[in-house]
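Q: Before I ask anything, here is the structure I am working with.
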Amino acid sequence: MDTRTRATRNLVLVLGDQLDARSSAFDGFDPSYDRVWMVEVTEEAEYVWSHKARIALFLSAMRHFRDRLRQAGWTVEYRQLDDAGARGNFRDELTVSVRKLRPERLVVVEPGEWRVREALQSTAARLAIPLEIRPDRHFLCSLEDFEQHAASRRQLRMEFFYRQMRQRLGVLMAGNGPAGGRWNFDAENRQGFGREGPSTVPPPLRFTPDATTREVIALVEKRFAGHPGSLAHFDWPVTPEDAEAALKDFVSNRLASFGPYQDAMWTGQPWLYHSRLSAPLNLKLLDPRQTIALAGEAWRSGDAPLPSVEGFIRQILGWREYVRGVYWRFMPGYAQRNALGAQGPLPRLYWTADTDLNCLHEVVRQTLEYGYAHHIQRLMVTGLLAQLLGVAPSEVHRWYLAVYVDAVEWVELPNTLGMSQFADGGLMASKPYVATGKYLQRMSNYCAGCRYDPAVTVGGRACPFSTLYWDFLARHEGTLRNNPRMVLQVRNLRRLSQDDREQIASQAARVRDTLCR
Ligand code: FAD
Ligand code: DLZ
Ligand code: SF4
C-alpha cells in the first residue's frame, strides 16, 4: 500500500463492483486532498465458495481500474491480496487505513450488498469517522423512486414497473404508447431450435487475458486452488473499452436473434444469442443507458426486429432495475424468506456436475467451465431441480452467489430466492416456475442424450424432473390451490388417482435419496 501520509480530506472507498470513473463517489474529487481506497480481500472470495473465474474477474477489473486512476494522477491506496500484511476483510483493512491516513471522512457509493454496507457502516462508527453513502447513478431507477413506485401498490409486478420506466425514460415509445403497439413480445420469444439445432451462431468477441489478468489468474490458481471452476476459458471484458466492444459485437451480430431464442438451450453452446453483458454491467464497466440506446438504434435502423430489441431492453430496463428495487426494499429480512418451508441440502452434483441427469450435467459442467449459464439454464434447470427437491433457499442462494461471474447479491438474491425458488411467496414471480422434463425436452436437446424419459413419471426410466414436479404439486397443493395462475396445474394434479400419487411420492423419495446423499 501507498505509505505517504499527507493529510487526506476524503477517503473514497471503491468496491469491486463499482468500477466507474463517472460515479458519484468522485463528485468533487480533488486529487490534491482526496484519495481512493480499494482492497482485495479473501473474505469476499471465501464468504461463499467462489468460482475461480468470479474471483479473477473482480480482481483483474479492479487492478485495471486502479491503474487507470493512477495514470490520471490520482492517489490510490490499493491492497493486493498477496501483499504482505493483507488483512483479508474490509473491516480490518479500513481500520488500518483510517488510522494511518486520518481522513476527515469516508465516501462510498451504495454498495451492492447489505452485508458490505453494514460492515462499512459499523467500522466507520467504531472509528468515529463520518461515512457518506452516495446514490448509485449507474441505475436508471433510484432507490427513492422505487420506494415511491412500491408504496402506491398493493402488489409489486415487474411488468408495471417496466412500463412505467419506458414511459418515464421514453424508451421504445410511440407517443404515449409502446412502439409496435405492444408492451410485450413474449409469445413470439419462446422458441426452441427444433431437432436440427441452432444454425451457425456468430461467436462472441473474446478478450484474451493481458499481463494484468494473467497475473491475477496465476494468483487465483495458487491462493484459491480448492475453489470450484476453471480459468482455462477466461475471456471476460475487464475494462470499459472491452465492455463497449462486447456490447457492439452483441448488437451487430446476435441481438437480432436474441428474442426468439432467449429461452432455448443447446449442448456445447453456452452463449447462443445471449449478450454476456451481465458481468461488465454489474461491475459498472458498462452503462445500461448506452446498452439500451444501442439496442434501440439497431431497431430504428432496421438491423434487429422489435421483439428481439424489446426482449433485450426488458431484461435491462425491467428485470435488472426491478430486482435491485426489491432487494433494497425488503432486505435484510428478504434473505431469510422460505415461503414453502424447504429445508433439504443442496446435492453435491451442483459442485461436480457428476450426475446422470443430462440437463443438470450439461448446465453444471458449463457453469464450472465458464462461470456462466444463461437465464433459462439457471431458472429451469439448476433452479427448477432445487425447488422441486425442496432444497433450503439459503443453500441455493449461496451456490448461485458463488458460481457465476456476474453474481452480486442485489441481483442474485431476488432472482434465486424470489424468481427461482418462490421463497418470497410471490413478491418476484406470480407463481412458482415449475414444469416437468417435457419443458426441457421442448427447449433443448438435453433429453436426447439422457437415460431418462421426460414423458415417464414412475419406474426406472422416469425423468426425475417429471416425478418431482407432481410430487411438488402434491406437497404444496394446499398453498398452490389459492393461486389463480396455478389453477390448471392443480386441476391436473387432482386427476391423478390415489395409487398414482402414492407411486409418485415413493419414487420422489428415492430420487431425493439418490441425489442428496
Ligand atoms: P442476456 O440474456 O443477454 O440478458 C441481457 C441482460 O439483461 C443481462 O446481461 C442482465 O444484465 C440483464 N438480465 C437478464 N435477466 C435478468 C434478471 N432476471 N435479473 C436481472 N438482470 C437480468 N443476473 C446477474 O446479473 N447476476 C446474478 O447473480 C444472477 N443470478 C441469477 C440467479 C438465478 C437463479 C436466475 C434465474 C437468474 C439470475 N440472473 C443473474 C439473471 C440472468 O440469468 C443473468 O443476468 C443472465 O443470464 C446473464 O447473461 P447475459 O448477460 O448473457 O444475459
Ligand atoms: C465478489 C468480490 C470478490 C471476489 N472480491 C472482492 C474484493 O477483493 N474486493 C472488493 O472490493 N470486492 C470484491 N468482490 C465484490 C464484493 O463481494 C461485493 O459484491 C461488493 O463489495 C458489493 O458492493
Ligand atoms: Fe433432464 Fe429429464 Fe431430460 Fe434427462 S430426461 S435431460 S433428467 S429433463
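Note on naming: chains are A, B, ... as they come in the C-alpha cells, residues start from 1 per chain, ligands start from 1 in the order shown.
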Give the residue list for ligand 1 at 6 Å, counting only C-alpha atoms and all ligand atoms, as a PyMOL selection string, sorted by chain and then by residue number.

A: chain A and resi 274-278+312+315-316+319-320+373-375+378-379+383+400-401+406-408+411-412+415-416+420

Q: What lies within 9 Å of Asp17 of chain A using only C-alpha atoms, ignoring chain neighbours under 2 positions off, as an mmCIF file with all heavy atoms, in the first residue's frame?

A:
data_model
loop_
_atom_site.group_PDB
_atom_site.id
_atom_site.type_symbol
_atom_site.label_atom_id
_atom_site.label_comp_id
_atom_site.auth_asym_id
_atom_site.auth_seq_id
_atom_site.Cartn_x
_atom_site.Cartn_y
_atom_site.Cartn_z
ATOM 1 N N VAL A 14 -13.818 2.452 -3.033
ATOM 2 C CA VAL A 14 -14.338 1.905 -4.294
ATOM 3 C C VAL A 14 -14.334 0.386 -4.176
ATOM 4 O O VAL A 14 -13.278 -0.239 -4.048
ATOM 5 C CB VAL A 14 -13.488 2.367 -5.503
ATOM 6 C CG1 VAL A 14 -13.971 1.687 -6.777
ATOM 7 C CG2 VAL A 14 -13.564 3.884 -5.651
ATOM 8 N N LEU A 15 -15.527 -0.192 -4.201
ATOM 9 C CA LEU A 15 -15.660 -1.644 -4.055
ATOM 10 C C LEU A 15 -15.508 -2.319 -5.416
ATOM 11 O O LEU A 15 -15.572 -1.657 -6.464
ATOM 12 C CB LEU A 15 -17.013 -1.965 -3.423
ATOM 13 C CG LEU A 15 -17.218 -1.298 -2.051
ATOM 14 C CD1 LEU A 15 -18.670 -1.402 -1.598
ATOM 15 C CD2 LEU A 15 -16.279 -1.902 -1.013
ATOM 16 N N LEU A 19 -16.689 0.017 -10.540
ATOM 17 C CA LEU A 19 -15.524 0.444 -11.318
ATOM 18 C C LEU A 19 -15.913 1.436 -12.412
ATOM 19 O O LEU A 19 -15.690 1.199 -13.598
ATOM 20 C CB LEU A 19 -14.833 -0.803 -11.874
ATOM 21 C CG LEU A 19 -14.561 -1.884 -10.813
ATOM 22 C CD1 LEU A 19 -13.901 -3.110 -11.425
ATOM 23 C CD2 LEU A 19 -13.717 -1.336 -9.660
ATOM 24 N N ASP A 20 -16.477 2.555 -11.984
ATOM 25 C CA ASP A 20 -16.982 3.558 -12.916
ATOM 26 C C ASP A 20 -16.404 4.919 -12.547
ATOM 27 O O ASP A 20 -16.735 5.477 -11.480
ATOM 28 C CB ASP A 20 -18.521 3.575 -12.831
ATOM 29 C CG ASP A 20 -19.134 4.660 -13.698
ATOM 30 O OD1 ASP A 20 -18.391 5.332 -14.443
ATOM 31 O OD2 ASP A 20 -20.364 4.835 -13.617
ATOM 32 N N PHE A 58 -13.236 -10.121 -10.809
ATOM 33 C CA PHE A 58 -13.291 -8.947 -9.930
ATOM 34 C C PHE A 58 -11.884 -8.370 -9.711
ATOM 35 O O PHE A 58 -11.676 -7.163 -9.812
ATOM 36 C CB PHE A 58 -13.957 -9.302 -8.587
ATOM 37 C CG PHE A 58 -15.461 -9.234 -8.635
ATOM 38 C CD1 PHE A 58 -16.207 -10.287 -9.154
ATOM 39 C CD2 PHE A 58 -16.144 -8.110 -8.190
ATOM 40 C CE1 PHE A 58 -17.592 -10.238 -9.225
ATOM 41 C CE2 PHE A 58 -17.526 -8.035 -8.253
ATOM 42 C CZ PHE A 58 -18.261 -9.106 -8.770
ATOM 43 N N ALA A 61 -10.428 -6.746 -12.993
ATOM 44 C CA ALA A 61 -11.099 -5.475 -13.326
ATOM 45 C C ALA A 61 -10.709 -4.394 -12.312
ATOM 46 O O ALA A 61 -10.503 -3.230 -12.674
ATOM 47 C CB ALA A 61 -12.608 -5.689 -13.368
ATOM 48 N N MET A 62 -10.574 -4.779 -11.036
ATOM 49 C CA MET A 62 -10.169 -3.796 -10.016
ATOM 50 C C MET A 62 -8.764 -3.258 -10.307
ATOM 51 O O MET A 62 -8.520 -2.057 -10.220
ATOM 52 C CB MET A 62 -10.175 -4.454 -8.622
ATOM 53 C CG MET A 62 -11.568 -4.660 -8.043
ATOM 54 S SD MET A 62 -11.504 -5.573 -6.467
ATOM 55 C CE MET A 62 -10.788 -4.349 -5.368
ATOM 56 N N PRO A 111 -23.251 0.336 -1.664
ATOM 57 C CA PRO A 111 -22.672 -0.960 -2.029
ATOM 58 C C PRO A 111 -23.724 -1.875 -2.653
ATOM 59 O O PRO A 111 -24.914 -1.609 -2.576
ATOM 60 C CB PRO A 111 -22.182 -1.524 -0.696
ATOM 61 C CG PRO A 111 -22.070 -0.352 0.210
ATOM 62 C CD PRO A 111 -23.152 0.596 -0.224
ATOM 63 N N GLY A 112 -23.238 -2.973 -3.248
ATOM 64 C CA GLY A 112 -24.147 -3.906 -3.922
ATOM 65 C C GLY A 112 -24.632 -5.017 -3.012
ATOM 66 O O GLY A 112 -25.274 -5.954 -3.472
ATOM 67 N N ASN A 282 -22.625 -5.321 -14.169
ATOM 68 C CA ASN A 282 -22.660 -5.361 -12.701
ATOM 69 C C ASN A 282 -21.388 -4.809 -12.072
ATOM 70 O O ASN A 282 -21.414 -4.319 -10.948
ATOM 71 C CB ASN A 282 -22.924 -6.784 -12.207
ATOM 72 C CG ASN A 282 -24.291 -7.283 -12.631
ATOM 73 O OD1 ASN A 282 -25.110 -6.504 -13.132
ATOM 74 N ND2 ASN A 282 -24.557 -8.558 -12.458
ATOM 75 N N LEU A 283 -20.261 -4.903 -12.790
ATOM 76 C CA LEU A 283 -19.030 -4.303 -12.274
ATOM 77 C C LEU A 283 -18.981 -2.804 -12.586
ATOM 78 O O LEU A 283 -18.060 -2.115 -12.207
ATOM 79 C CB LEU A 283 -17.791 -5.011 -12.847
ATOM 80 C CG LEU A 283 -17.287 -6.201 -12.025
ATOM 81 C CD1 LEU A 283 -18.260 -7.361 -12.009
ATOM 82 C CD2 LEU A 283 -15.930 -6.675 -12.533
ATOM 83 N N LYS A 284 -19.966 -2.333 -13.341
ATOM 84 C CA LYS A 284 -20.140 -0.928 -13.728
ATOM 85 C C LYS A 284 -19.087 -0.502 -14.760
ATOM 86 O O LYS A 284 -18.737 0.673 -14.871
ATOM 87 C CB LYS A 284 -20.106 0.031 -12.511
ATOM 88 C CG LYS A 284 -20.848 -0.480 -11.288
ATOM 89 C CD LYS A 284 -22.340 -0.477 -11.458
ATOM 90 C CE LYS A 284 -23.089 -1.400 -10.507
ATOM 91 N NZ LYS A 284 -22.914 -1.164 -9.091
ATOM 92 N N LEU A 285 -18.619 -1.506 -15.521
ATOM 93 C CA LEU A 285 -17.735 -1.187 -16.645
ATOM 94 C C LEU A 285 -18.567 -0.693 -17.818
ATOM 95 O O LEU A 285 -18.052 -0.068 -18.751
ATOM 96 C CB LEU A 285 -16.960 -2.436 -17.085
ATOM 97 C CG LEU A 285 -16.066 -3.087 -16.027
ATOM 98 C CD1 LEU A 285 -15.474 -4.392 -16.555
ATOM 99 C CD2 LEU A 285 -14.936 -2.130 -15.628
ATOM 100 N N VAL A 408 -23.608 -10.626 -7.887
ATOM 101 C CA VAL A 408 -23.539 -9.666 -6.789
ATOM 102 C C VAL A 408 -24.901 -9.796 -6.109
ATOM 103 O O VAL A 408 -25.919 -9.990 -6.779
ATOM 104 C CB VAL A 408 -23.302 -8.225 -7.285
ATOM 105 C CG1 VAL A 408 -23.138 -7.276 -6.105
ATOM 106 C CG2 VAL A 408 -22.065 -8.152 -8.184
#

Q: I'd like the neighbourhood of segment 69-77 of chain A as a list in words, where a residue qualifies if any of its atoms comes within 8 Å (using only C-alpha atoms), though same-chain residues fewer than 2 positions away should be ignored.

A: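 Listing them by chain and then by number gives Met1, Asp2, Pro31, Asp34, Arg35, Val36, Trp37, Met38, Phe65, Arg66, Asp67 and Arg79 of chain A.
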
Q: Give the residues close to ligand 2, within 10 Å, counting only C-alpha atoms and all ligand atoms; write them as a ChimeraX atom specification.

A: /A:13-19,37-60,62,79-81,88-90,108-117,120,282-283,401-402,404-410

Q: Please provide as a ChimeraX atom specification all residues within 12 Å of Gly181 of chain A, with the sequence filter that same-chain residues fewer than 5 positions apart are discarded (counting only C-alpha atoms).

A: /A:172-176,306-307,310

Q: Around ligand 3, out to 8 Å and counting only C-alpha atoms and all ligand atoms, which residues are there? I want them as a list of chain:residue names.

A: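 So the residues close to ligand 3 are A:Asp356, A:Leu357, A:Asn358, A:Cys359, A:Leu360, A:Val381, A:Thr436, A:Gly437, A:Lys438, A:Tyr439, A:Leu440, A:Gln441, A:Asn445, A:Tyr446, A:Cys447, A:Ala448, A:Gly449, A:Cys450, A:Arg451, A:Tyr452, A:Asp453, A:Pro454, A:Ala462, A:Cys463, A:Pro464, A:Phe465, A:Ser466.
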
Q: Show me, as a PyMOL selection string, the residues that have an atom within 12 Å of Asp145 of chain A when counting only C-alpha atoms, minus same-chain residues fewer than 6 positions from it.

A: chain A and resi 135+139+151-152+161+164-165+168+321-322+324-325+329

Q: Write out, as a compact mmCIF listing (two decimals), in the first residue's frame, the residues just selected, with all heavy atoms.

A:
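Generated file (again_9.txt):
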# COMPACT_ATOMS: atom_id res chain seq x y z
N PRO A 135 -25.72 8.05 -3.71
CA PRO A 135 -26.56 7.23 -4.58
C PRO A 135 -25.78 6.67 -5.76
O PRO A 135 -24.83 7.29 -6.24
CB PRO A 135 -27.65 8.19 -5.06
CG PRO A 135 -27.27 9.54 -4.59
CD PRO A 135 -26.12 9.45 -3.65
N PHE A 139 -27.67 3.10 -11.96
CA PHE A 139 -29.00 2.55 -12.18
C PHE A 139 -29.96 3.63 -12.68
O PHE A 139 -29.80 4.81 -12.37
CB PHE A 139 -29.51 1.90 -10.89
CG PHE A 139 -28.72 0.68 -10.55
CD1 PHE A 139 -27.68 0.74 -9.63
CD2 PHE A 139 -28.95 -0.53 -11.20
CE1 PHE A 139 -26.91 -0.38 -9.35
CE2 PHE A 139 -28.18 -1.65 -10.92
CZ PHE A 139 -27.16 -1.58 -10.00
N ALA A 151 -44.65 2.03 -2.96
CA ALA A 151 -45.55 2.50 -1.89
C ALA A 151 -46.98 2.62 -2.37
O ALA A 151 -47.92 2.43 -1.60
CB ALA A 151 -45.03 3.83 -1.35
N SER A 152 -47.16 2.93 -3.65
CA SER A 152 -48.52 3.18 -4.13
C SER A 152 -49.19 1.88 -4.61
O SER A 152 -50.24 1.92 -5.23
CB SER A 152 -48.47 4.19 -5.28
OG SER A 152 -47.66 3.66 -6.32
N PHE A 161 -43.87 -2.01 -13.43
CA PHE A 161 -42.67 -1.21 -13.18
C PHE A 161 -41.98 -0.88 -14.51
O PHE A 161 -41.62 0.27 -14.80
CB PHE A 161 -41.73 -1.99 -12.26
CG PHE A 161 -40.35 -1.40 -12.15
CD1 PHE A 161 -40.11 -0.31 -11.33
CD2 PHE A 161 -39.28 -1.93 -12.87
CE1 PHE A 161 -38.84 0.25 -11.24
CE2 PHE A 161 -38.02 -1.39 -12.79
CZ PHE A 161 -37.79 -0.30 -11.97
N GLN A 164 -43.75 1.62 -16.66
CA GLN A 164 -43.54 2.96 -16.10
C GLN A 164 -42.15 3.49 -16.47
O GLN A 164 -42.00 4.66 -16.83
CB GLN A 164 -43.68 2.86 -14.59
CG GLN A 164 -44.31 4.07 -13.95
CD GLN A 164 -44.47 3.84 -12.45
OE1 GLN A 164 -43.51 3.49 -11.75
NE2 GLN A 164 -45.67 4.06 -11.96
N MET A 165 -41.15 2.62 -16.39
CA MET A 165 -39.78 3.03 -16.74
C MET A 165 -39.70 3.43 -18.21
O MET A 165 -39.04 4.42 -18.55
CB MET A 165 -38.79 1.88 -16.47
CG MET A 165 -38.56 1.57 -15.02
SD MET A 165 -37.73 2.91 -14.13
CE MET A 165 -36.05 2.69 -14.68
N ARG A 168 -41.39 6.79 -18.52
CA ARG A 168 -40.63 7.86 -17.88
C ARG A 168 -39.38 8.24 -18.68
O ARG A 168 -39.06 9.41 -18.84
CB ARG A 168 -40.21 7.42 -16.47
CG ARG A 168 -39.44 8.47 -15.69
CD ARG A 168 -39.59 8.28 -14.20
NE ARG A 168 -38.82 7.18 -13.65
CZ ARG A 168 -37.51 7.17 -13.47
NH1 ARG A 168 -36.79 8.21 -13.82
NH2 ARG A 168 -36.91 6.13 -12.94
N GLU A 321 -33.42 -3.53 -13.09
CA GLU A 321 -33.74 -2.43 -12.18
C GLU A 321 -34.74 -2.88 -11.11
O GLU A 321 -34.66 -2.48 -9.95
CB GLU A 321 -34.33 -1.25 -12.98
CG GLU A 321 -33.39 -0.65 -14.01
CD GLU A 321 -32.29 0.23 -13.39
OE1 GLU A 321 -32.51 0.81 -12.32
OE2 GLU A 321 -31.21 0.33 -14.01
N TYR A 322 -35.67 -3.73 -11.52
CA TYR A 322 -36.72 -4.19 -10.61
C TYR A 322 -36.14 -5.02 -9.46
O TYR A 322 -36.48 -4.82 -8.30
CB TYR A 322 -37.73 -5.00 -11.43
CG TYR A 322 -38.90 -5.53 -10.65
CD1 TYR A 322 -39.91 -4.69 -10.20
CD2 TYR A 322 -39.01 -6.89 -10.36
CE1 TYR A 322 -40.99 -5.18 -9.50
CE2 TYR A 322 -40.09 -7.39 -9.67
CZ TYR A 322 -41.07 -6.54 -9.24
OH TYR A 322 -42.15 -7.02 -8.54
N ARG A 324 -33.23 -4.97 -8.25
CA ARG A 324 -32.46 -4.12 -7.32
C ARG A 324 -33.41 -3.42 -6.34
O ARG A 324 -33.14 -3.34 -5.14
CB ARG A 324 -31.64 -3.09 -8.09
CG ARG A 324 -30.90 -2.14 -7.18
CD ARG A 324 -29.97 -1.24 -7.94
NE ARG A 324 -29.22 -0.36 -7.07
CZ ARG A 324 -29.51 0.92 -6.86
NH1 ARG A 324 -30.53 1.49 -7.49
NH2 ARG A 324 -28.78 1.65 -6.04
N GLY A 325 -34.52 -2.92 -6.89
CA GLY A 325 -35.52 -2.27 -6.03
C GLY A 325 -36.05 -3.24 -4.98
O GLY A 325 -36.14 -2.91 -3.79
N ARG A 329 -35.55 -2.84 -0.92
CA ARG A 329 -36.79 -2.58 -0.18
C ARG A 329 -37.03 -3.64 0.91
O ARG A 329 -37.53 -3.33 1.98
CB ARG A 329 -37.97 -2.58 -1.14
CG ARG A 329 -39.31 -2.28 -0.46
CD ARG A 329 -40.39 -2.03 -1.49
NE ARG A 329 -41.72 -2.07 -0.91
CZ ARG A 329 -42.29 -1.09 -0.25
NH1 ARG A 329 -41.65 0.05 -0.06
NH2 ARG A 329 -43.52 -1.20 0.25

Q: Taking only C-alpha atoms into account, name the residue in A:Ala25, A:Ala264, A:Leu106, A:Ile313 that is nearest to Gly296 of chain A.

A: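 Among A:Ala25, A:Ala264, A:Leu106, A:Ile313, it is A:Ile313 that comes nearest to Gly296 of chain A.
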
Q: Rounded to one decimal, what separation in Å do you get between atom CA of Lys222 of chain A and atom CA of Ala86 of chain A?

A: 16.1 Å

Q: Using only C-alpha atoms, which residues sit within 8 Å of Leu384 of chain A once same-chain residues fewer than 2 positions away are excluded, as an NGL selection string?

A: :A and (379-382 or 386-388 or 420-421 or 433-435)

Q: Give me a file of those residues, with N, CA and C atoms, as a PDB file, in the first residue's frame.

A:
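And here is the file that came out, result.pdb:
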ATOM      1  N   LEU A 379     -32.742 -20.791 -14.369  1.00  0.00           N
ATOM      2  CA  LEU A 379     -34.100 -20.849 -13.808  1.00  0.00           C
ATOM      3  C   LEU A 379     -34.712 -22.239 -13.936  1.00  0.00           C
ATOM      4  N   MET A 380     -34.582 -22.847 -15.128  1.00  0.00           N
ATOM      5  CA  MET A 380     -35.373 -24.041 -15.425  1.00  0.00           C
ATOM      6  C   MET A 380     -34.560 -25.341 -15.402  1.00  0.00           C
ATOM      7  N   VAL A 381     -33.271 -25.250 -15.081  1.00  0.00           N
ATOM      8  CA  VAL A 381     -32.515 -26.492 -14.910  1.00  0.00           C
ATOM      9  C   VAL A 381     -32.024 -26.556 -13.452  1.00  0.00           C
ATOM     10  N   THR A 382     -31.000 -25.788 -13.122  1.00  0.00           N
ATOM     11  CA  THR A 382     -30.463 -25.879 -11.752  1.00  0.00           C
ATOM     12  C   THR A 382     -31.476 -25.367 -10.716  1.00  0.00           C
ATOM     13  N   ALA A 386     -33.626 -27.701  -7.811  1.00  0.00           N
ATOM     14  CA  ALA A 386     -33.500 -27.371  -6.383  1.00  0.00           C
ATOM     15  C   ALA A 386     -34.885 -27.124  -5.780  1.00  0.00           C
ATOM     16  N   GLN A 387     -35.717 -26.421  -6.524  1.00  0.00           N
ATOM     17  CA  GLN A 387     -37.051 -26.123  -5.997  1.00  0.00           C
ATOM     18  C   GLN A 387     -37.891 -27.399  -5.863  1.00  0.00           C
ATOM     19  N   LEU A 388     -37.860 -28.241  -6.893  1.00  0.00           N
ATOM     20  CA  LEU A 388     -38.665 -29.462  -6.856  1.00  0.00           C
ATOM     21  C   LEU A 388     -38.178 -30.396  -5.743  1.00  0.00           C
ATOM     22  N   SER A 420     -36.695 -17.895  -8.720  1.00  0.00           N
ATOM     23  CA  SER A 420     -36.435 -19.303  -8.965  1.00  0.00           C
ATOM     24  C   SER A 420     -37.009 -20.223  -7.876  1.00  0.00           C
ATOM     25  N   GLN A 421     -36.964 -19.832  -6.619  1.00  0.00           N
ATOM     26  CA  GLN A 421     -37.391 -20.766  -5.556  1.00  0.00           C
ATOM     27  C   GLN A 421     -38.761 -20.415  -4.968  1.00  0.00           C
ATOM     28  N   TYR A 433     -42.118 -21.150 -10.797  1.00  0.00           N
ATOM     29  CA  TYR A 433     -41.746 -21.632 -12.137  1.00  0.00           C
ATOM     30  C   TYR A 433     -41.486 -23.126 -12.029  1.00  0.00           C
ATOM     31  N   VAL A 434     -42.532 -23.948 -12.209  1.00  0.00           N
ATOM     32  CA  VAL A 434     -42.339 -25.399 -12.137  1.00  0.00           C
ATOM     33  C   VAL A 434     -42.822 -26.048 -13.430  1.00  0.00           C
ATOM     34  N   ALA A 435     -42.151 -27.124 -13.813  1.00  0.00           N
ATOM     35  CA  ALA A 435     -42.503 -27.821 -15.052  1.00  0.00           C
ATOM     36  C   ALA A 435     -41.970 -29.243 -14.974  1.00  0.00           C
TER      37      ALA A 435
END

Q: Hey, which bits of segment 409-446 of chain A sit within 10 Å of segment 334-347 of chain A, and for each residue what's the closest pair of atoms and how far apart in Å (one decimal), counting only C-alpha atoms, rows by chain and increasing number, as a tab-separated table?

A:
residue	atom	partner	partner_atom	distance
A:Glu409	CA	A:Ala335	CA	9.9
A:Leu413	CA	A:Ala335	CA	7.3
A:Pro414	CA	A:Tyr334	CA	8.3
A:Leu417	CA	A:Ala335	CA	7.5
A:Gly418	CA	A:Arg337	CA	9.0
A:Gln421	CA	A:Leu340	CA	8.7
A:Phe422	CA	A:Ala339	CA	7.1
A:Ala423	CA	A:Asn338	CA	4.4
A:Asp424	CA	A:Arg337	CA	5.6
A:Gly425	CA	A:Ala339	CA	5.1
A:Gly426	CA	A:Ala339	CA	8.8
